[in-house]
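Dropping query-v2.pdb in here (PDB, C-alpha atoms):
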ATOM      1  CA  MET A   1    -126.884  89.566  13.304  1.00  0.00           C
ATOM      2  CA  TRP A   2    -129.696  91.193  15.250  1.00  0.00           C
ATOM      3  CA  ARG A   3    -129.817  94.929  14.485  1.00  0.00           C
ATOM      4  CA  VAL A   4    -131.609  97.795  16.169  1.00  0.00           C
ATOM      5  CA  CYS A   5    -131.579 101.580  16.038  1.00  0.00           C
ATOM      6  CA  GLY A   6    -128.970 103.631  17.831  1.00  0.00           C
ATOM      7  CA  LEU A   7    -128.905 107.094  19.352  1.00  0.00           C
ATOM      8  CA  ALA A   8    -126.210 109.402  20.625  1.00  0.00           C
ATOM      9  CA  GLY A   9    -125.938 112.921  21.899  1.00  0.00           C
ATOM     10  CA  ILE A  10    -124.047 115.670  23.629  1.00  0.00           C
ATOM     11  CA  TYR A  11    -125.430 118.349  25.940  1.00  0.00           C
ATOM     12  CA  HIS A  12    -123.360 121.231  27.315  1.00  0.00           C
ATOM     13  CA  TYR A  13    -124.629 122.737  30.566  1.00  0.00           C
ATOM     14  CA  GLN A  14    -123.229 126.152  29.667  1.00  0.00           C
ATOM     15  CA  ASN A  15    -124.783 128.278  26.925  1.00  0.00           C
ATOM     16  CA  GLU A  16    -121.467 129.521  25.541  1.00  0.00           C
ATOM     17  CA  LEU A  17    -120.318 125.999  24.617  1.00  0.00           C
ATOM     18  CA  GLN A  18    -121.274 124.746  21.159  1.00  0.00           C
ATOM     19  CA  ILE A  19    -121.681 121.194  19.877  1.00  0.00           C
ATOM     20  CA  ASP A  20    -118.947 119.861  17.636  1.00  0.00           C
ATOM     21  CA  GLU A  21    -121.081 118.131  14.988  1.00  0.00           C
ATOM     22  CA  ALA A  22    -118.088 116.145  13.706  1.00  0.00           C
ATOM     23  CA  VAL A  23    -117.775 114.455  17.123  1.00  0.00           C
ATOM     24  CA  LEU A  24    -121.506 113.684  17.176  1.00  0.00           C
ATOM     25  CA  ARG A  25    -121.225 112.177  13.697  1.00  0.00           C
ATOM     26  CA  ARG A  26    -118.309 110.025  14.864  1.00  0.00           C
ATOM     27  CA  MET A  27    -120.433 108.797  17.778  1.00  0.00           C
ATOM     28  CA  THR A  28    -123.282 107.784  15.472  1.00  0.00           C
ATOM     29  CA  GLY A  29    -120.747 106.264  13.099  1.00  0.00           C
ATOM     30  CA  VAL A  30    -119.775 103.866  15.888  1.00  0.00           C
ATOM     31  CA  LEU A  31    -123.475 102.904  15.985  1.00  0.00           C
ATOM     32  CA  ALA A  32    -123.852 102.403  12.209  1.00  0.00           C
ATOM     33  CA  HIS A  33    -124.225  98.627  12.590  1.00  0.00           C
ATOM     34  CA  ARG A  34    -127.290  99.247  14.807  1.00  0.00           C
ATOM     35  CA  GLY A  35    -129.078 101.290  12.145  1.00  0.00           C
ATOM     36  CA  PRO A  36    -127.845 100.795   8.597  1.00  0.00           C
ATOM     37  CA  ASP A  37    -130.853 102.376   6.844  1.00  0.00           C
ATOM     38  CA  ASP A  38    -130.457 106.065   7.686  1.00  0.00           C
ATOM     39  CA  ASP A  39    -128.959 108.650   9.984  1.00  0.00           C
ATOM     40  CA  GLY A  40    -130.211 111.994  11.222  1.00  0.00           C
ATOM     41  CA  PHE A  41    -128.982 114.888  13.330  1.00  0.00           C
ATOM     42  CA  TYR A  42    -130.249 117.824  15.348  1.00  0.00           C
ATOM     43  CA  VAL A  43    -127.526 120.260  16.369  1.00  0.00           C
ATOM     44  CA  VAL A  44    -128.465 123.648  17.804  1.00  0.00           C
ATOM     45  CA  GLY A  45    -126.180 125.554  20.155  1.00  0.00           C
ATOM     46  CA  ARG A  46    -125.403 123.410  23.182  1.00  0.00           C
ATOM     47  CA  ILE A  47    -127.471 120.328  22.254  1.00  0.00           C
ATOM     48  CA  GLY A  48    -126.752 117.683  19.653  1.00  0.00           C
ATOM     49  CA  LEU A  49    -128.837 114.577  18.972  1.00  0.00           C
ATOM     50  CA  GLY A  50    -127.850 111.863  16.519  1.00  0.00           C
ATOM     51  CA  HIS A  51    -129.689 108.776  15.290  1.00  0.00           C
ATOM     52  CA  ARG A  52    -128.978 105.612  13.314  1.00  0.00           C
ATOM     53  CA  ARG A  53    -132.119 103.991  11.947  1.00  0.00           C
ATOM     54  CA  LEU A  54    -133.231 100.487  11.221  1.00  0.00           C
ATOM     55  CA  SER A  55    -136.511 101.099   9.368  1.00  0.00           C
ATOM     56  CA  ILE A  56    -139.315  98.935  10.744  1.00  0.00           C
ATOM     57  CA  ILE A  57    -142.402 101.038  11.565  1.00  0.00           C
ATOM     58  CA  ASP A  58    -143.369 103.722   9.005  1.00  0.00           C
ATOM     59  CA  VAL A  59    -140.432 102.986   6.725  1.00  0.00           C
ATOM     60  CA  ALA A  60    -141.130 106.031   4.528  1.00  0.00           C
ATOM     61  CA  GLY A  61    -142.035 108.625   7.183  1.00  0.00           C
ATOM     62  CA  GLY A  62    -140.212 107.663  10.345  1.00  0.00           C
ATOM     63  CA  ARG A  63    -136.882 109.488   9.830  1.00  0.00           C
ATOM     64  CA  GLN A  64    -135.359 110.828  13.025  1.00  0.00           C
ATOM     65  CA  PRO A  65    -134.995 113.171  14.749  1.00  0.00           C
ATOM     66  CA  ILE A  66    -138.722 113.774  14.796  1.00  0.00           C
ATOM     67  CA  PHE A  67    -140.239 117.045  15.982  1.00  0.00           C
ATOM     68  CA  ASN A  68    -143.532 118.024  17.549  1.00  0.00           C
ATOM     69  CA  GLU A  69    -146.019 120.244  15.694  1.00  0.00           C
ATOM     70  CA  ASP A  70    -144.308 123.574  16.430  1.00  0.00           C
ATOM     71  CA  GLN A  71    -140.765 122.157  16.110  1.00  0.00           C
ATOM     72  CA  SER A  72    -139.950 123.050  19.748  1.00  0.00           C
ATOM     73  CA  ILE A  73    -139.304 119.448  20.827  1.00  0.00           C
ATOM     74  CA  ALA A  74    -136.918 117.029  19.097  1.00  0.00           C
ATOM     75  CA  ILE A  75    -136.513 113.316  19.832  1.00  0.00           C
ATOM     76  CA  VAL A  76    -134.275 110.406  18.877  1.00  0.00           C
ATOM     77  CA  PHE A  77    -135.651 107.018  19.805  1.00  0.00           C
ATOM     78  CA  ASN A  78    -134.619 103.372  19.903  1.00  0.00           C
ATOM     79  CA  GLY A  79    -137.220 100.708  20.514  1.00  0.00           C
ATOM     80  CA  GLU A  80    -140.891 100.074  20.036  1.00  0.00           C
ATOM     81  CA  ILE A  81    -143.962 101.420  21.813  1.00  0.00           C
ATOM     82  CA  TYR A  82    -146.377  98.492  21.689  1.00  0.00           C
ATOM     83  CA  ASN A  83    -149.481 100.540  22.527  1.00  0.00           C
ATOM     84  CA  TYR A  84    -148.694 103.419  20.149  1.00  0.00           C
ATOM     85  CA  ARG A  85    -151.907 103.008  18.130  1.00  0.00           C
ATOM     86  CA  GLU A  86    -154.039 103.318  21.283  1.00  0.00           C
ATOM     87  CA  LEU A  87    -152.028 106.341  22.468  1.00  0.00           C
ATOM     88  CA  ARG A  88    -152.292 107.910  19.021  1.00  0.00           C
ATOM     89  CA  ARG A  89    -156.105 107.681  19.153  1.00  0.00           C
ATOM     90  CA  GLU A  90    -156.085 109.423  22.566  1.00  0.00           C
ATOM     91  CA  LEU A  91    -153.759 112.119  21.274  1.00  0.00           C
ATOM     92  CA  VAL A  92    -155.809 112.737  18.114  1.00  0.00           C
ATOM     93  CA  ALA A  93    -158.917 113.062  20.308  1.00  0.00           C
ATOM     94  CA  ALA A  94    -156.990 115.646  22.355  1.00  0.00           C
ATOM     95  CA  GLY A  95    -156.284 117.634  19.176  1.00  0.00           C
ATOM     96  CA  ARG A  96    -152.749 116.506  18.352  1.00  0.00           C
ATOM     97  CA  LYS A  97    -151.841 116.293  14.676  1.00  0.00           C
ATOM     98  CA  PHE A  98    -149.555 113.691  13.083  1.00  0.00           C
ATOM     99  CA  ARG A  99    -147.438 113.713   9.930  1.00  0.00           C
ATOM    100  CA  THR A 100    -146.240 110.097  10.125  1.00  0.00           C
ATOM    101  CA  GLN A 101    -147.427 106.665  11.214  1.00  0.00           C
ATOM    102  CA  SER A 102    -144.438 106.148  13.521  1.00  0.00           C
ATOM    103  CA  ASP A 103    -144.449 105.254  17.184  1.00  0.00           C
ATOM    104  CA  THR A 104    -141.726 107.884  17.621  1.00  0.00           C
ATOM    105  CA  GLU A 105    -144.101 110.683  16.671  1.00  0.00           C
ATOM    106  CA  VAL A 106    -146.684 109.249  19.080  1.00  0.00           C
ATOM    107  CA  LEU A 107    -144.040 109.344  21.816  1.00  0.00           C
ATOM    108  CA  ILE A 108    -143.096 112.971  21.209  1.00  0.00           C
ATOM    109  CA  ASN A 109    -146.755 114.029  21.097  1.00  0.00           C
ATOM    110  CA  ALA A 110    -147.449 112.080  24.295  1.00  0.00           C
ATOM    111  CA  VAL A 111    -144.687 113.987  26.082  1.00  0.00           C
ATOM    112  CA  ALA A 112    -145.935 117.300  24.652  1.00  0.00           C
ATOM    113  CA  GLU A 113    -149.498 116.509  25.790  1.00  0.00           C
ATOM    114  CA  TRP A 114    -148.985 114.769  29.139  1.00  0.00           C
ATOM    115  CA  GLY A 115    -145.466 115.700  30.219  1.00  0.00           C
ATOM    116  CA  GLU A 116    -143.772 113.265  32.550  1.00  0.00           C
ATOM    117  CA  ALA A 117    -147.064 111.374  33.010  1.00  0.00           C
ATOM    118  CA  ALA A 118    -146.639 110.118  29.436  1.00  0.00           C
ATOM    119  CA  LEU A 119    -143.954 107.733  30.665  1.00  0.00           C
ATOM    120  CA  GLN A 120    -146.543 105.903  32.780  1.00  0.00           C
ATOM    121  CA  LYS A 121    -148.684 105.281  29.694  1.00  0.00           C
ATOM    122  CA  LEU A 122    -145.942 103.706  27.579  1.00  0.00           C
ATOM    123  CA  ARG A 123    -145.874  99.953  27.030  1.00  0.00           C
ATOM    124  CA  GLY A 124    -142.825  98.702  25.228  1.00  0.00           C
ATOM    125  CA  MET A 125    -139.081  98.600  25.109  1.00  0.00           C
ATOM    126  CA  TYR A 126    -137.399 101.918  24.486  1.00  0.00           C
ATOM    127  CA  ALA A 127    -134.657 104.407  25.112  1.00  0.00           C
ATOM    128  CA  PHE A 128    -134.871 107.983  23.973  1.00  0.00           C
ATOM    129  CA  ALA A 129    -133.334 111.424  24.198  1.00  0.00           C
ATOM    130  CA  LEU A 130    -135.705 114.367  23.956  1.00  0.00           C
ATOM    131  CA  TRP A 131    -134.800 118.066  23.812  1.00  0.00           C
ATOM    132  CA  ASP A 132    -137.463 120.631  24.754  1.00  0.00           C
ATOM    133  CA  ASP A 133    -136.143 123.893  23.336  1.00  0.00           C
ATOM    134  CA  GLU A 134    -138.741 126.085  25.062  1.00  0.00           C
ATOM    135  CA  ARG A 135    -137.936 124.709  28.525  1.00  0.00           C
ATOM    136  CA  LYS A 136    -134.258 124.065  27.727  1.00  0.00           C
ATOM    137  CA  GLU A 137    -134.696 120.539  29.117  1.00  0.00           C
ATOM    138  CA  LEU A 138    -133.020 117.312  28.086  1.00  0.00           C
ATOM    139  CA  TRP A 139    -134.839 114.069  28.850  1.00  0.00           C
ATOM    140  CA  LEU A 140    -132.993 110.760  28.802  1.00  0.00           C
ATOM    141  CA  ALA A 141    -135.301 107.823  29.437  1.00  0.00           C
ATOM    142  CA  ARG A 142    -135.524 104.098  28.948  1.00  0.00           C
ATOM    143  CA  ASP A 143    -138.097 101.420  29.602  1.00  0.00           C
ATOM    144  CA  PRO A 144    -138.545 100.297  33.216  1.00  0.00           C
ATOM    145  CA  PHE A 145    -136.896  96.923  32.553  1.00  0.00           C
ATOM    146  CA  GLY A 146    -133.863  98.405  30.827  1.00  0.00           C
ATOM    147  CA  ILE A 147    -134.352  96.307  27.707  1.00  0.00           C
ATOM    148  CA  LYS A 148    -133.029  99.059  25.454  1.00  0.00           C
ATOM    149  CA  PRO A 149    -129.629 100.345  26.524  1.00  0.00           C
ATOM    150  CA  LEU A 150    -128.812 103.974  27.249  1.00  0.00           C
ATOM    151  CA  TYR A 151    -125.371 104.847  28.570  1.00  0.00           C
ATOM    152  CA  TYR A 152    -124.294 108.272  29.739  1.00  0.00           C
ATOM    153  CA  THR A 153    -121.447 110.055  31.407  1.00  0.00           C
ATOM    154  CA  ASP A 154    -121.280 113.462  33.016  1.00  0.00           C
ATOM    155  CA  ALA A 155    -117.934 114.934  32.040  1.00  0.00           C
ATOM    156  CA  GLY A 156    -118.111 118.080  34.158  1.00  0.00           C
ATOM    157  CA  LYS A 157    -119.754 120.651  31.907  1.00  0.00           C
ATOM    158  CA  THR A 158    -121.166 118.128  29.447  1.00  0.00           C
ATOM    159  CA  ILE A 159    -123.396 115.051  29.368  1.00  0.00           C
ATOM    160  CA  TRP A 160    -122.525 112.488  26.705  1.00  0.00           C
ATOM    161  CA  PHE A 161    -124.966 109.655  25.956  1.00  0.00           C
ATOM    162  CA  ALA A 162    -125.399 106.794  23.533  1.00  0.00           C
ATOM    163  CA  SER A 163    -127.152 103.479  23.109  1.00  0.00           C
ATOM    164  CA  GLN A 164    -123.802 101.706  23.081  1.00  0.00           C
ATOM    165  CA  ALA A 165    -120.956 102.261  25.557  1.00  0.00           C
ATOM    166  CA  ARG A 166    -118.375 102.003  22.781  1.00  0.00           C
ATOM    167  CA  ALA A 167    -119.615 105.287  21.278  1.00  0.00           C
ATOM    168  CA  LEU A 168    -118.743 106.984  24.572  1.00  0.00           C
ATOM    169  CA  ALA A 169    -115.437 105.157  24.967  1.00  0.00           C
ATOM    170  CA  ASP A 170    -114.354 106.069  21.420  1.00  0.00           C
ATOM    171  CA  CYS A 171    -115.586 109.675  21.319  1.00  0.00           C
ATOM    172  CA  ALA A 172    -116.282 111.150  24.770  1.00  0.00           C
ATOM    173  CA  PRO A 173    -113.627 112.278  27.234  1.00  0.00           C
ATOM    174  CA  VAL A 174    -114.152 109.356  29.615  1.00  0.00           C
ATOM    175  CA  ASN A 175    -111.688 107.202  31.494  1.00  0.00           C
ATOM    176  CA  THR A 176    -112.013 103.680  30.107  1.00  0.00           C
ATOM    177  CA  ASN A 177    -109.459 102.123  32.448  1.00  0.00           C
ATOM    178  CA  ARG A 178    -111.017  99.319  34.471  1.00  0.00           C
ATOM    179  CA  ARG A 179    -109.980  97.619  37.637  1.00  0.00           C
ATOM    180  CA  PRO A 180    -109.469  93.881  37.201  1.00  0.00           C
ATOM    181  CA  ALA A 181    -112.574  92.016  38.411  1.00  0.00           C
ATOM    182  CA  GLY A 182    -112.065  90.071  41.577  1.00  0.00           C
ATOM    183  CA  LEU A 183    -108.762  91.704  42.468  1.00  0.00           C
ATOM    184  CA  VAL A 184    -108.523  91.752  46.230  1.00  0.00           C
ATOM    185  CA  GLY A 185    -105.617  93.119  48.247  1.00  0.00           C
ATOM    186  CA  PHE A 186    -104.592  91.767  51.658  1.00  0.00           C
TER     187      PHE A 186
END
Starting from the file, lay out its structure as structure tokens.
Amino acid sequence: MWRVCGLAGIYHYQNELQIDEAVLRRMTGVLAHRGPDDDGFYVVGRIGLGHRRLSIIDVAGGRQPIFNEDQSIAIVFNGEIYNYRELRRELVAAGRKFRTQSDTEVLINAVAEWGEAALQKLRGMYAFALWDDERKELWLARDPFGIKPLYYTDAGKTIWFASQARALADCAPVNTNRRPAGLVGF
């Protein structure tokens, strides 16, 4: 069986709503087969990020979520950034500091350094969720070819997202009824 990492999350638009961590843990539990090596969570107020890890790059130091230097940005990531060593050299030259050897930490530092322009520099297959606590911004992104999956639903006051649709179907308040394919009425 081919395994990969998995990510999930919940974001409430309204400040007074709080994340139910048990629901987030259930979502990542659905993804356990994607990342059997570890799990990690970031839950603060109206944002919750969850991760299931398959340890490949930086096995010892690549636990997720990963944070930037001042802990204001958190990320959960699925995939691989092929040019992460090159980007890391650029970021070190720009004064960024690293605690791990992971491509995930390169990604979060690239976003902190270059903002949205960082996405143009990435070469690889990826999906990620990034929370910028200073700007109160949630980023959901995936590679331009859509190799790594990222599903989401906007349930009114809340965005639910995961790297597998089943996590949403099992845990989020979404309608999973489907119309039969090819059904045509005359």
query = Just so the selection is clear, what residues does the PyMOL selection byres ((chain A and resi 46) around 7) cover here, as a list in words?
reply = Tyr11, His12, Asn15, Leu17, Gln18, Ile19, Val44, Gly45, Ile47 and Gly48 of chain A
Q) Within 8 Å of A:Arg142, counting all atoms listed in the file, which residues qualify if same-chain residues fewer than 6 places away don't, as a list in words? A)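 Residues near the query, excluding close chain neighbours: Met125, Tyr126, Ala127, Phe128, Lys148, Pro149 and Leu150 of chain A.
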_(-136.7, 114.8, 31.5) in this file's frame - what residues fall within 12 Å of it? Use only C-alpha atoms and give the answer as a PyMOL selection string._
chain A and resi 73+75+111-112+115-119+128-132+135-142
Practice task
Give me the result of the PyMOL selection byres ((chain A and resi 27) around 12) on this file, residue by residue, as a ChimeraX atom specification.
Solution key: /A:6-10,20-26,28-32,39,41,48-52,160-172
**Message:** To test your reading of the syntax: which residues would the PyMOL selection byres ((chain A and resi 109) around 12) return for the file shown? Reply as a PyMOL selection string.
**Reply:** chain A and resi 66-75+84+87-92+94-100+102-108+110-116+118-119+130+132
Just checking: using only C-alpha atoms, which residue out of A:Cys5, A:Gln14, A:Asp143, A:Glu134 ends up closest to A:Arg34?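 Under the stated criterion, the closest residue is A:Cys5.
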Item to complete: Give me, please, the distance in Å between atom CA of A:Gly124 and atom CA of A:Tyr82, quoted to one decimal.
Response: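 Calculated distance between atom CA of A:Gly124 and atom CA of A:Tyr82 is 5.0 Å.
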Atom CA of A:Thr158 sits from atom CA of A:Tyr13 at a separation of 5.9 Å
Atomic distance atom CA of A:Asn78 - atom CA of A:Val4, expressed in Å with one decimal
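Separation of atom CA of A:Asn78 and atom CA of A:Val4: 7.4 Å.
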Spatial neighbours of A:Arg63, max dist 8 Å, all atoms listed in the file, sep filter under 5 positions, as a compact mmCIF listing (two decimals) with C-alpha atoms, in the frame of the given file:
# COMPACT_ATOMS: atom_id res chain seq x y z
CA ASP A 38 -130.46 106.06 7.69
CA ASP A 39 -128.96 108.65 9.98
CA GLY A 40 -130.21 111.99 11.22
CA ARG A 53 -132.12 103.99 11.95
Judged by all atoms listed in the file, the minimum distance to A:Lys121 among A:Gln101, A:Thr153, A:Gln64, A:Asn83 is found for A:Asn83
Notebook entry, point to check: Which residue out of A:Asp154, A:Gly35, A:Arg85, A:Asn175 has the minimum interatomic distance to A:Arg123 when all atoms listed in the file are used?
Noted result: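 Closest candidate: A:Arg85.
The shortest atom-to-atom distance to A:Glu80, with all atoms listed in the file taken into account, belongs to A:Ile147 out of A:Ile147, A:Tyr42, A:Asp133, A:Lys157.
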Generate the missing atoms of stretch 102-113 of chain A up to all heavy atoms and report them as a short mmCIF file (atom, residue, chain, number, x, y, z; two decimals), in the frame of the given file.
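See out-v4.cif below for the written result:
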data_model
loop_
_atom_site.label_atom_id
_atom_site.label_comp_id
_atom_site.auth_asym_id
_atom_site.auth_seq_id
_atom_site.Cartn_x
_atom_site.Cartn_y
_atom_site.Cartn_z
N SER A 102 -145.46 106.74 12.65
CA SER A 102 -144.44 106.15 13.52
C SER A 102 -144.79 106.21 15.00
O SER A 102 -145.46 107.14 15.46
CB SER A 102 -143.09 106.84 13.29
OG SER A 102 -143.10 108.13 13.86
N ASP A 103 -144.29 105.24 15.73
CA ASP A 103 -144.45 105.25 17.18
C ASP A 103 -143.61 106.36 17.81
O ASP A 103 -143.93 106.86 18.88
CB ASP A 103 -144.15 103.89 17.81
CG ASP A 103 -142.79 103.31 17.48
OD1 ASP A 103 -142.10 103.82 16.58
OD2 ASP A 103 -142.41 102.32 18.13
N THR A 104 -142.56 106.79 17.12
CA THR A 104 -141.73 107.88 17.62
C THR A 104 -142.52 109.18 17.69
O THR A 104 -142.42 109.93 18.67
CB THR A 104 -140.48 108.08 16.74
OG1 THR A 104 -139.84 106.82 16.55
CG2 THR A 104 -139.52 109.07 17.36
N GLU A 105 -143.29 109.46 16.66
CA GLU A 105 -144.10 110.68 16.67
C GLU A 105 -145.19 110.61 17.73
O GLU A 105 -145.53 111.61 18.36
CB GLU A 105 -144.71 110.96 15.30
CG GLU A 105 -145.32 112.34 15.22
CD GLU A 105 -145.90 112.70 13.87
OE1 GLU A 105 -146.18 111.77 13.07
OE2 GLU A 105 -146.09 113.89 13.61
N VAL A 106 -145.72 109.42 17.99
CA VAL A 106 -146.68 109.25 19.08
C VAL A 106 -146.00 109.58 20.40
O VAL A 106 -146.55 110.30 21.25
CB VAL A 106 -147.27 107.82 19.09
CG1 VAL A 106 -148.05 107.57 20.37
CG2 VAL A 106 -148.14 107.60 17.87
N LEU A 107 -144.78 109.10 20.58
CA LEU A 107 -144.04 109.34 21.82
C LEU A 107 -143.82 110.84 22.04
O LEU A 107 -144.06 111.35 23.13
CB LEU A 107 -142.71 108.59 21.78
CG LEU A 107 -141.74 108.81 22.93
CD1 LEU A 107 -142.39 108.51 24.27
CD2 LEU A 107 -140.50 107.97 22.72
N ILE A 108 -143.37 111.55 21.02
CA ILE A 108 -143.10 112.97 21.21
C ILE A 108 -144.38 113.75 21.48
O ILE A 108 -144.40 114.67 22.30
CB ILE A 108 -142.30 113.56 20.02
CG1 ILE A 108 -141.67 114.90 20.43
CG2 ILE A 108 -143.15 113.73 18.80
CD1 ILE A 108 -140.64 115.41 19.44
N ASN A 109 -145.48 113.36 20.83
CA ASN A 109 -146.76 114.03 21.10
C ASN A 109 -147.29 113.68 22.48
O ASN A 109 -147.92 114.51 23.14
CB ASN A 109 -147.78 113.68 20.02
CG ASN A 109 -147.66 114.59 18.82
OD1 ASN A 109 -148.02 115.75 18.88
ND2 ASN A 109 -147.10 114.06 17.74
N ALA A 110 -147.03 112.47 22.95
CA ALA A 110 -147.45 112.08 24.30
C ALA A 110 -146.72 112.93 25.34
O ALA A 110 -147.35 113.42 26.29
CB ALA A 110 -147.17 110.60 24.53
N VAL A 111 -145.45 113.15 25.15
CA VAL A 111 -144.69 113.99 26.08
C VAL A 111 -145.17 115.43 26.01
O VAL A 111 -145.35 116.09 27.04
CB VAL A 111 -143.17 113.88 25.80
CG1 VAL A 111 -142.40 114.94 26.58
CG2 VAL A 111 -142.67 112.49 26.14
N ALA A 112 -145.44 115.93 24.80
CA ALA A 112 -145.94 117.30 24.65
C ALA A 112 -147.31 117.47 25.31
O ALA A 112 -147.60 118.50 25.90
CB ALA A 112 -146.00 117.68 23.17
N GLU A 113 -148.13 116.44 25.24
CA GLU A 113 -149.50 116.51 25.79
C GLU A 113 -149.54 116.25 27.30
O GLU A 113 -150.21 116.97 28.03
CB GLU A 113 -150.38 115.49 25.07
CG GLU A 113 -151.83 115.49 25.50
CD GLU A 113 -152.61 116.73 25.06
OE1 GLU A 113 -152.23 117.38 24.06
OE2 GLU A 113 -153.61 117.06 25.73
#
